[in-house]
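Source file: structure_17.cif (mmCIF, C-alpha atoms and all ligand atoms; chains and numbers go by the auth columns)
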data_protein
loop_
_atom_site.group_PDB
_atom_site.id
_atom_site.type_symbol
_atom_site.label_atom_id
_atom_site.label_comp_id
_atom_site.label_asym_id
_atom_site.label_seq_id
_atom_site.Cartn_x
_atom_site.Cartn_y
_atom_site.Cartn_z
_atom_site.B_iso_or_equiv
_atom_site.auth_seq_id
_atom_site.auth_asym_id
ATOM 1 C CA MET A 1 63.381 -124.766 -64.103 0.00 1 A
ATOM 2 C CA LYS A 2 60.595 -125.135 -66.642 0.00 2 A
ATOM 3 C CA ASP A 3 58.440 -128.226 -66.369 0.00 3 A
ATOM 4 C CA CYS A 4 59.947 -129.649 -69.526 0.00 4 A
ATOM 5 C CA ARG A 5 62.879 -132.012 -69.908 0.00 5 A
ATOM 6 C CA ILE A 6 64.547 -132.279 -73.272 0.00 6 A
ATOM 7 C CA LEU A 7 66.573 -135.176 -74.654 0.00 7 A
ATOM 8 C CA VAL A 8 69.271 -133.908 -77.038 0.00 8 A
ATOM 9 C CA VAL A 9 70.584 -136.527 -79.481 0.00 9 A
ATOM 10 C CA GLU A 10 73.646 -135.262 -81.333 0.00 10 A
ATOM 11 C CA ASP A 11 77.063 -136.758 -82.089 0.00 11 A
ATOM 12 C CA ASP A 12 78.772 -133.497 -83.040 0.00 12 A
ATOM 13 C CA ARG A 13 80.292 -132.050 -79.860 0.00 13 A
ATOM 14 C CA SER A 14 80.194 -128.429 -80.954 0.00 14 A
ATOM 15 C CA VAL A 15 76.538 -128.588 -82.018 0.00 15 A
ATOM 16 C CA MET A 16 75.721 -130.407 -78.772 0.00 16 A
ATOM 17 C CA HIS A 17 77.491 -127.658 -76.844 0.00 17 A
ATOM 18 C CA LEU A 18 75.578 -124.938 -78.678 0.00 18 A
ATOM 19 C CA ILE A 19 72.234 -126.616 -78.029 0.00 19 A
ATOM 20 C CA THR A 20 72.815 -127.475 -74.368 0.00 20 A
ATOM 21 C CA THR A 21 74.170 -123.985 -73.627 0.00 21 A
ATOM 22 C CA SER A 22 71.049 -122.446 -75.155 0.00 22 A
ATOM 23 C CA LEU A 23 68.793 -124.806 -73.212 0.00 23 A
ATOM 24 C CA LYS A 24 70.584 -123.963 -69.986 0.00 24 A
ATOM 25 C CA LEU A 25 70.236 -120.223 -70.679 0.00 25 A
ATOM 26 C CA ASN A 26 66.528 -120.725 -71.216 0.00 26 A
ATOM 27 C CA ASP A 27 66.092 -122.729 -68.017 0.00 27 A
ATOM 28 C CA TYR A 28 65.367 -126.093 -69.595 0.00 28 A
ATOM 29 C CA GLU A 29 66.426 -129.376 -68.040 0.00 29 A
ATOM 30 C CA TYR A 30 68.076 -131.713 -70.494 0.00 30 A
ATOM 31 C CA LEU A 31 69.601 -135.148 -71.060 0.00 31 A
ATOM 32 C CA THR A 32 72.104 -135.934 -73.773 0.00 32 A
ATOM 33 C CA ALA A 33 72.884 -138.905 -76.008 0.00 33 A
ATOM 34 C CA SER A 34 75.480 -139.245 -78.773 0.00 34 A
ATOM 35 C CA TYR A 35 74.232 -142.589 -80.089 0.00 35 A
ATOM 36 C CA GLY A 36 70.864 -143.753 -81.388 0.00 36 A
ATOM 37 C CA LYS A 37 70.589 -146.781 -79.120 0.00 37 A
ATOM 38 C CA GLU A 38 71.427 -144.650 -76.111 0.00 38 A
ATOM 39 C CA ALA A 39 68.709 -142.185 -77.194 0.00 39 A
ATOM 40 C CA VAL A 40 66.090 -144.938 -77.476 0.00 40 A
ATOM 41 C CA SER A 41 66.951 -146.353 -74.073 0.00 41 A
ATOM 42 C CA LEU A 42 66.960 -142.907 -72.404 0.00 42 A
ATOM 43 C CA CYS A 43 63.613 -142.171 -73.990 0.00 43 A
ATOM 44 C CA ALA A 44 62.178 -145.395 -72.545 0.00 44 A
ATOM 45 C CA SER A 45 63.652 -144.967 -69.079 0.00 45 A
ATOM 46 C CA GLN A 46 63.543 -141.192 -68.569 0.00 46 A
ATOM 47 C CA HIS A 47 60.380 -140.157 -70.488 0.00 47 A
ATOM 48 C CA PRO A 48 61.676 -136.827 -71.806 0.00 48 A
ATOM 49 C CA ASP A 49 59.060 -134.236 -72.792 0.00 49 A
ATOM 50 C CA ILE A 50 60.699 -133.297 -76.101 0.00 50 A
ATOM 51 C CA ILE A 51 63.442 -134.901 -78.214 0.00 51 A
ATOM 52 C CA LEU A 52 65.865 -132.911 -80.382 0.00 52 A
ATOM 53 C CA LEU A 53 67.274 -135.408 -82.854 0.00 53 A
ATOM 54 C CA ASP A 54 70.171 -135.359 -85.280 0.00 54 A
ATOM 55 C CA LEU A 55 69.684 -137.815 -88.152 0.00 55 A
ATOM 56 C CA GLY A 56 73.315 -138.665 -88.911 0.00 56 A
ATOM 57 C CA LEU A 57 74.371 -140.790 -85.948 0.00 57 A
ATOM 58 C CA ALA A 58 77.194 -143.316 -85.829 0.00 58 A
ATOM 59 C CA ASP A 59 75.296 -146.448 -84.747 0.00 59 A
ATOM 60 C CA MET A 60 71.842 -146.014 -86.286 0.00 60 A
ATOM 61 C CA ASP A 61 70.050 -143.586 -88.528 0.00 61 A
ATOM 62 C CA GLY A 62 67.909 -140.970 -86.791 0.00 62 A
ATOM 63 C CA ILE A 63 64.941 -142.161 -88.871 0.00 63 A
ATOM 64 C CA GLU A 64 65.251 -145.550 -87.127 0.00 64 A
ATOM 65 C CA VAL A 65 65.310 -143.756 -83.789 0.00 65 A
ATOM 66 C CA ILE A 66 62.012 -142.040 -84.671 0.00 66 A
ATOM 67 C CA ARG A 67 60.479 -145.311 -85.840 0.00 67 A
ATOM 68 C CA THR A 68 61.505 -147.136 -82.662 0.00 68 A
ATOM 69 C CA VAL A 69 60.394 -144.412 -80.260 0.00 69 A
ATOM 70 C CA ARG A 70 57.049 -144.100 -82.055 0.00 70 A
ATOM 71 C CA LEU A 71 56.240 -147.725 -81.232 0.00 71 A
ATOM 72 C CA TRP A 72 55.304 -146.655 -77.752 0.00 72 A
ATOM 73 C CA SER A 73 55.664 -142.903 -77.355 0.00 73 A
ATOM 74 C CA ASP A 74 54.054 -139.744 -78.725 0.00 74 A
ATOM 75 C CA VAL A 75 56.811 -137.485 -77.352 0.00 75 A
ATOM 76 C CA PRO A 76 57.335 -134.481 -79.671 0.00 76 A
ATOM 77 C CA ILE A 77 60.436 -135.035 -81.842 0.00 77 A
ATOM 78 C CA ILE A 78 62.179 -132.083 -83.487 0.00 78 A
ATOM 79 C CA VAL A 79 64.743 -133.168 -86.067 0.00 79 A
ATOM 80 C CA ILE A 80 67.835 -130.974 -86.415 0.00 80 A
ATOM 81 C CA SER A 81 69.714 -132.173 -89.457 0.00 81 A
ATOM 82 C CA ALA A 82 72.222 -131.166 -92.091 0.00 82 A
ATOM 83 C CA ARG A 83 70.134 -133.109 -94.617 0.00 83 A
ATOM 84 C CA HIS A 84 68.224 -130.448 -96.457 0.00 84 A
ATOM 85 C CA GLU A 85 66.550 -132.332 -99.300 0.00 85 A
ATOM 86 C CA ASP A 86 62.752 -132.263 -99.280 0.00 86 A
ATOM 87 C CA SER A 87 62.766 -136.056 -99.436 0.00 87 A
ATOM 88 C CA ASP A 88 64.721 -136.250 -96.149 0.00 88 A
ATOM 89 C CA LYS A 89 62.260 -133.916 -94.458 0.00 89 A
ATOM 90 C CA ILE A 90 59.279 -135.810 -95.811 0.00 90 A
ATOM 91 C CA GLU A 91 60.708 -139.144 -94.674 0.00 91 A
ATOM 92 C CA ALA A 92 61.362 -137.833 -91.160 0.00 92 A
ATOM 93 C CA LEU A 93 57.914 -136.243 -90.864 0.00 93 A
ATOM 94 C CA ASP A 94 56.152 -139.292 -92.319 0.00 94 A
ATOM 95 C CA THR A 95 57.991 -141.534 -89.870 0.00 95 A
ATOM 96 C CA GLY A 96 56.620 -139.496 -86.986 0.00 96 A
ATOM 97 C CA ALA A 97 58.838 -136.452 -86.406 0.00 97 A
ATOM 98 C CA ASP A 98 56.862 -133.345 -85.431 0.00 98 A
ATOM 99 C CA ASP A 99 59.165 -130.699 -86.790 0.00 99 A
ATOM 100 C CA TYR A 100 62.340 -130.339 -88.865 0.00 100 A
ATOM 101 C CA LEU A 101 65.095 -127.772 -88.588 0.00 101 A
ATOM 102 C CA THR A 102 67.986 -127.615 -91.048 0.00 102 A
ATOM 103 C CA LYS A 103 71.595 -127.022 -89.953 0.00 103 A
ATOM 104 C CA PRO A 104 72.979 -124.418 -89.618 0.00 104 A
ATOM 105 C CA PHE A 105 70.057 -123.244 -87.507 0.00 105 A
ATOM 106 C CA SER A 106 69.352 -120.129 -85.508 0.00 106 A
ATOM 107 C CA VAL A 107 69.179 -120.636 -81.750 0.00 107 A
ATOM 108 C CA ASP A 108 66.215 -118.265 -81.518 0.00 108 A
ATOM 109 C CA GLU A 109 64.336 -120.330 -84.047 0.00 109 A
ATOM 110 C CA LEU A 110 65.166 -123.543 -82.212 0.00 110 A
ATOM 111 C CA MET A 111 63.859 -122.064 -78.954 0.00 111 A
ATOM 112 C CA ALA A 112 60.645 -120.962 -80.701 0.00 112 A
ATOM 113 C CA ARG A 113 60.157 -124.487 -82.078 0.00 113 A
ATOM 114 C CA ILE A 114 60.713 -125.950 -78.609 0.00 114 A
ATOM 115 C CA ARG A 115 58.158 -123.571 -77.100 0.00 115 A
ATOM 116 C CA ALA A 116 55.650 -124.548 -79.800 0.00 116 A
ATOM 117 C CA ALA A 117 56.275 -128.267 -79.160 0.00 117 A
ATOM 118 C CA ALA A 118 55.872 -127.721 -75.408 0.00 118 A
ATOM 119 C CA ARG A 119 52.546 -125.941 -75.989 0.00 119 A
ATOM 120 C CA ARG A 120 51.262 -128.759 -78.191 0.00 120 A
ATOM 121 C CA ARG A 121 52.303 -131.267 -75.566 0.00 121 A
ATOM 122 C CA THR A 122 50.394 -129.384 -72.863 0.00 122 A
ATOM 123 C CA HIS A 123 47.268 -129.272 -75.024 0.00 123 A
ATOM 124 C CA MET A 124 47.650 -132.957 -75.783 0.00 124 A
ATOM 125 C CA HIS A 125 47.891 -133.833 -72.095 0.00 125 A
ATOM 126 C CA GLN A 126 44.864 -131.693 -71.277 0.00 126 A
ATOM 127 C CA ALA A 127 42.815 -133.422 -73.968 0.00 127 A
ATOM 128 C CA GLU A 128 44.009 -136.795 -72.733 0.00 128 A
ATOM 129 C CA SER A 129 43.131 -136.225 -69.117 0.00 129 A
ATOM 130 C CA GLU A 130 39.690 -134.918 -70.075 0.00 130 A
ATOM 131 C CA ASN A 131 39.082 -138.093 -71.985 0.00 131 A
ATOM 132 C CA SER A 132 41.299 -140.486 -70.154 0.00 132 A
ATOM 133 C CA VAL A 133 39.168 -143.601 -69.732 0.00 133 A
ATOM 134 C CA PHE A 134 37.650 -145.730 -72.474 0.00 134 A
ATOM 135 C CA THR A 135 35.152 -148.464 -71.697 0.00 135 A
ATOM 136 C CA ASN A 136 33.439 -150.952 -73.959 0.00 136 A
ATOM 137 C CA GLY A 137 31.763 -154.027 -72.494 0.00 137 A
ATOM 138 C CA CYS A 138 34.276 -155.735 -70.255 0.00 138 A
ATOM 139 C CA LEU A 139 37.173 -153.625 -71.578 0.00 139 A
ATOM 140 C CA THR A 140 38.577 -150.545 -69.832 0.00 140 A
ATOM 141 C CA ILE A 141 41.571 -148.520 -71.028 0.00 141 A
ATOM 142 C CA ARG A 142 43.072 -145.909 -68.743 0.00 142 A
ATOM 143 C CA TYR A 143 45.104 -143.811 -71.162 0.00 143 A
ATOM 144 C CA ALA A 144 46.928 -141.775 -68.537 0.00 144 A
ATOM 145 C CA GLU A 145 48.513 -144.918 -67.085 0.00 145 A
ATOM 146 C CA ALA A 146 48.489 -146.896 -70.339 0.00 146 A
ATOM 147 C CA ALA A 147 46.676 -149.606 -68.376 0.00 147 A
ATOM 148 C CA VAL A 148 44.183 -152.094 -69.837 0.00 148 A
ATOM 149 C CA PHE A 149 41.600 -154.051 -67.855 0.00 149 A
ATOM 150 C CA VAL A 150 39.304 -156.909 -68.855 0.00 150 A
ATOM 151 C CA ASN A 151 36.535 -157.549 -66.317 0.00 151 A
ATOM 152 C CA ASP A 152 38.479 -155.306 -63.911 0.00 152 A
ATOM 153 C CA ARG A 153 41.573 -157.480 -64.146 0.00 153 A
ATOM 154 C CA GLN A 154 44.617 -155.798 -65.633 0.00 154 A
ATOM 155 C CA ILE A 155 46.086 -157.428 -68.729 0.00 155 A
ATOM 156 C CA HIS A 156 49.606 -156.807 -69.962 0.00 156 A
ATOM 157 C CA LEU A 157 50.117 -155.748 -73.541 0.00 157 A
ATOM 158 C CA THR A 158 53.281 -155.107 -75.518 0.00 158 A
ATOM 159 C CA PRO A 159 53.735 -151.503 -76.745 0.00 159 A
ATOM 160 C CA ILE A 160 52.535 -152.431 -80.239 0.00 160 A
ATOM 161 C CA GLU A 161 49.508 -154.358 -78.973 0.00 161 A
ATOM 162 C CA TYR A 162 48.641 -151.356 -76.827 0.00 162 A
ATOM 163 C CA ARG A 163 48.934 -148.985 -79.779 0.00 163 A
ATOM 164 C CA ILE A 164 46.706 -151.224 -81.876 0.00 164 A
ATOM 165 C CA LEU A 165 44.114 -151.459 -79.119 0.00 165 A
ATOM 166 C CA CYS A 166 44.076 -147.668 -78.612 0.00 166 A
ATOM 167 C CA MET A 167 43.713 -147.146 -82.342 0.00 167 A
ATOM 168 C CA LEU A 168 40.720 -149.516 -82.496 0.00 168 A
ATOM 169 C CA ALA A 169 39.198 -147.970 -79.346 0.00 169 A
ATOM 170 C CA LYS A 170 39.544 -144.410 -80.607 0.00 170 A
ATOM 171 C CA ASN A 171 37.821 -145.480 -83.813 0.00 171 A
ATOM 172 C CA CYS A 172 35.311 -147.777 -82.132 0.00 172 A
ATOM 173 C CA GLY A 173 32.640 -148.922 -84.596 0.00 173 A
ATOM 174 C CA LYS A 174 34.720 -148.044 -87.657 0.00 174 A
ATOM 175 C CA VAL A 175 36.484 -150.530 -89.893 0.00 175 A
ATOM 176 C CA LEU A 176 40.208 -149.751 -90.008 0.00 176 A
ATOM 177 C CA THR A 177 41.988 -150.971 -93.121 0.00 177 A
ATOM 178 C CA HIS A 178 45.197 -152.966 -92.969 0.00 178 A
ATOM 179 C CA SER A 179 47.147 -150.223 -94.715 0.00 179 A
ATOM 180 C CA TYR A 180 45.839 -147.513 -92.385 0.00 180 A
ATOM 181 C CA MET A 181 46.777 -149.563 -89.328 0.00 181 A
ATOM 182 C CA ILE A 182 50.200 -150.453 -90.692 0.00 182 A
ATOM 183 C CA SER A 183 51.042 -146.859 -91.516 0.00 183 A
ATOM 184 C CA GLU A 184 49.837 -145.722 -88.089 0.00 184 A
ATOM 185 C CA ILE A 185 51.941 -148.348 -86.314 0.00 185 A
ATOM 186 C CA TRP A 186 55.069 -148.585 -88.391 0.00 186 A
ATOM 187 C CA GLY A 187 54.912 -145.428 -90.481 0.00 187 A
ATOM 188 C CA THR A 188 55.178 -147.403 -93.690 0.00 188 A
ATOM 189 C CA GLY A 189 52.748 -149.140 -95.971 0.00 189 A
ATOM 190 C CA VAL A 190 54.717 -152.254 -96.771 0.00 190 A
ATOM 191 C CA GLU A 191 52.419 -155.127 -97.728 0.00 191 A
ATOM 192 C CA THR A 192 54.477 -157.730 -95.862 0.00 192 A
ATOM 193 C CA ASP A 193 53.646 -155.923 -92.622 0.00 193 A
ATOM 194 C CA ILE A 194 50.150 -157.405 -92.905 0.00 194 A
ATOM 195 C CA ILE A 195 51.646 -160.647 -91.617 0.00 195 A
ATOM 196 C CA SER A 196 53.111 -158.869 -88.567 0.00 196 A
ATOM 197 C CA LEU A 197 49.802 -157.094 -88.020 0.00 197 A
ATOM 198 C CA ARG A 198 47.989 -160.461 -88.026 0.00 198 A
ATOM 199 C CA VAL A 199 50.409 -161.854 -85.475 0.00 199 A
ATOM 200 C CA TYR A 200 49.859 -158.880 -83.166 0.00 200 A
ATOM 201 C CA MET A 201 46.082 -159.045 -83.662 0.00 201 A
ATOM 202 C CA THR A 202 46.010 -162.746 -82.757 0.00 202 A
ATOM 203 C CA SER A 203 47.963 -162.150 -79.600 0.00 203 A
ATOM 204 C CA LEU A 204 45.912 -159.060 -78.666 0.00 204 A
ATOM 205 C CA ARG A 205 42.651 -160.946 -79.160 0.00 205 A
ATOM 206 C CA LYS A 206 43.846 -163.814 -77.024 0.00 206 A
ATOM 207 C CA LYS A 207 44.675 -161.442 -74.186 0.00 207 A
ATOM 208 C CA LEU A 208 41.351 -159.603 -74.519 0.00 208 A
ATOM 209 C CA SER A 209 39.317 -162.804 -74.570 0.00 209 A
ATOM 210 C CA ALA A 210 40.618 -163.850 -71.142 0.00 210 A
ATOM 211 C CA GLY A 211 37.493 -164.220 -69.039 0.00 211 A
ATOM 212 C CA THR A 212 35.001 -163.580 -71.800 0.00 212 A
ATOM 213 C CA ASP A 213 33.918 -165.305 -74.996 0.00 213 A
ATOM 214 C CA GLU A 214 32.666 -162.166 -76.682 0.00 214 A
ATOM 215 C CA SER A 215 34.642 -161.225 -79.714 0.00 215 A
ATOM 216 C CA MET A 216 34.965 -157.485 -79.512 0.00 216 A
ATOM 217 C CA ILE A 217 37.260 -157.205 -82.486 0.00 217 A
ATOM 218 C CA ARG A 218 35.793 -158.241 -85.808 0.00 218 A
ATOM 219 C CA THR A 219 37.937 -159.342 -88.738 0.00 219 A
ATOM 220 C CA HIS A 220 36.935 -158.109 -92.170 0.00 220 A
ATOM 221 C CA THR A 221 38.798 -160.498 -94.445 0.00 221 A
ATOM 222 C CA SER A 222 41.155 -158.726 -96.860 0.00 222 A
ATOM 223 C CA ILE A 223 40.043 -155.338 -95.523 0.00 223 A
ATOM 224 C CA GLY A 224 40.895 -154.790 -91.884 0.00 224 A
ATOM 225 C CA TYR A 225 39.604 -154.833 -88.320 0.00 225 A
ATOM 226 C CA GLN A 226 36.830 -153.218 -86.336 0.00 226 A
ATOM 227 C CA MET A 227 36.105 -152.861 -82.662 0.00 227 A
ATOM 228 C CA ILE A 228 32.411 -153.500 -82.094 0.00 228 A
ATOM 229 C CA ARG A 229 30.623 -151.190 -79.661 0.00 229 A
ATOM 230 C CA LEU A 230 29.162 -153.591 -77.067 0.00 230 A
HETATM 231 CA CA CA B . 75.647 -136.054 -86.885 0.00 1 B
#
Could you quickly redo this structure as structure tokens?
Ligand code: CA
Amino acid sequence: MKDCRILVVEDDRSVMHLITTSLKLNDYEYLTASYGKEAVSLCASQHPDIILLDLGLADMDGIEVIRTVRLWSDVPIIVISARHEDSDKIEALDTGADDYLTKPFSVDELMARIRAAARRRTHMHQAESENSVFTNGCLTIRYAEAAVFVNDRQIHLTPIEYRILCMLAKNCGKVLTHSYMISEIWGTGVETDIISLRVYMTSLRKKLSAGTDESMIRTHTSIGYQMIRL
């Protein structure tokens, strides 16, 4: 078996059969889901290495699946959809899909896309482990475990708070605008999301300030936020 487990999300039995048969022939391990909610929960509990995702699902749109999974995971997502309009592709890619294949698709092409996604994932993991700890003043982030410490005491963040913190840490010293942060977190640029962003920032700050009075994150009114290099 290859060191790569694939979650296949598809509600059409015959397409599912075609995909899983091809995966089996190519020695991949796989999990299957016919519903969006099932896919999200399997992704959270089983940590697949790649997701193959149909967009037209009975309980939720595949785009929503991408949006939800992207709140906490960077797992490569390859969309396999009958929707062939450019606007559908753009929406899926902008929401966080890595690749897009239109039905009917060739199995050889699908396998090539999976191999490419697996290679990217390996490179990503290598880069992560080379650069897996971030420290700034009393703050430590261990990316490999998604663990955050303040003064060596672990603090617990929600997936969105963690994403925000990583974004600020990776851009330490730079001012990140509201719209940049919103599009990175939610994949959209809706103005009303600024209110949600503020709520998350308040909660994140509170957790970070436990045990220290230094304000590591600076607010630039009407512009955005910045992590100060301490
Ligand atoms: Ca479908």
(request) Point out the residue among A:Ser179, A:Ser81, A:Ser215, A:Asn26 with the least atom-to-atom distance to ligand CA 1 (chain B), counting all atoms listed in the file. (result)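 With all atoms listed in the file as the atom set, the closest residue is A:Ser81.
Candidate residues A:Met201, A:Leu7, A:Ile114, A:Ile217 were compared for distance to Ala169 (chain A), and the nearest is A:Ile217, using all atoms listed in the file.
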(request) Kindly provide, as a list in words, all nucleotide and amino acid residues lying within 7 Å of ligand CA 1 (chain B), counting only C-alpha atoms and all ligand atoms. (result)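 My answer, listing the contacting residues, is Glu10, Asp11, Asp12, Asp54, Leu55, Gly56 and Leu57 of chain A.
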Selected residues written out, C-alpha atoms, as a PDB file, in the frame of the given file:
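Result file part-v4.pdb:
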ATOM      1  CA  GLU A  10      73.646-135.262 -81.333  1.00  0.00           C
ATOM      2  CA  ASP A  11      77.063-136.758 -82.089  1.00  0.00           C
ATOM      3  CA  ASP A  12      78.772-133.497 -83.040  1.00  0.00           C
ATOM      4  CA  ASP A  54      70.171-135.359 -85.280  1.00  0.00           C
ATOM      5  CA  LEU A  55      69.684-137.815 -88.152  1.00  0.00           C
ATOM      6  CA  GLY A  56      73.315-138.665 -88.911  1.00  0.00           C
ATOM      7  CA  LEU A  57      74.371-140.790 -85.948  1.00  0.00           C
TER       8      LEU A  57
END
(request) Point out the residue among A:Lys170, A:His178, A:His17, A:Arg67 with the least atom-to-atom distance to Ala92 (chain A), counting all atoms listed in the file. (result)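 Under the stated criterion, the closest residue is A:Arg67.
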(request) Determine the nearest neighbour of Glu161 (chain A) from the options A:Tyr200, A:Trp72, A:Phe105, A:Phe134, counting all atoms listed in the file. (result)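 For Glu161 (chain A), the nearest of the given residues is A:Tyr200.
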(message) Using only C-alpha atoms for the distances, tell me which of A:Ile51, A:Met167, A:Ala144, A:Ala58 is nearest to Tyr100 (chain A).
(response) A:Ile51
(request) Starting from the point (55.1, -132.2, -77.8), work out which residues of protein, DNA or RNA have an atom no more than 6 Å away when counting only C-alpha atoms; state them as an MDAnalysis selection string. (result) chainID A and resid 50 75:76 117:118 120:121
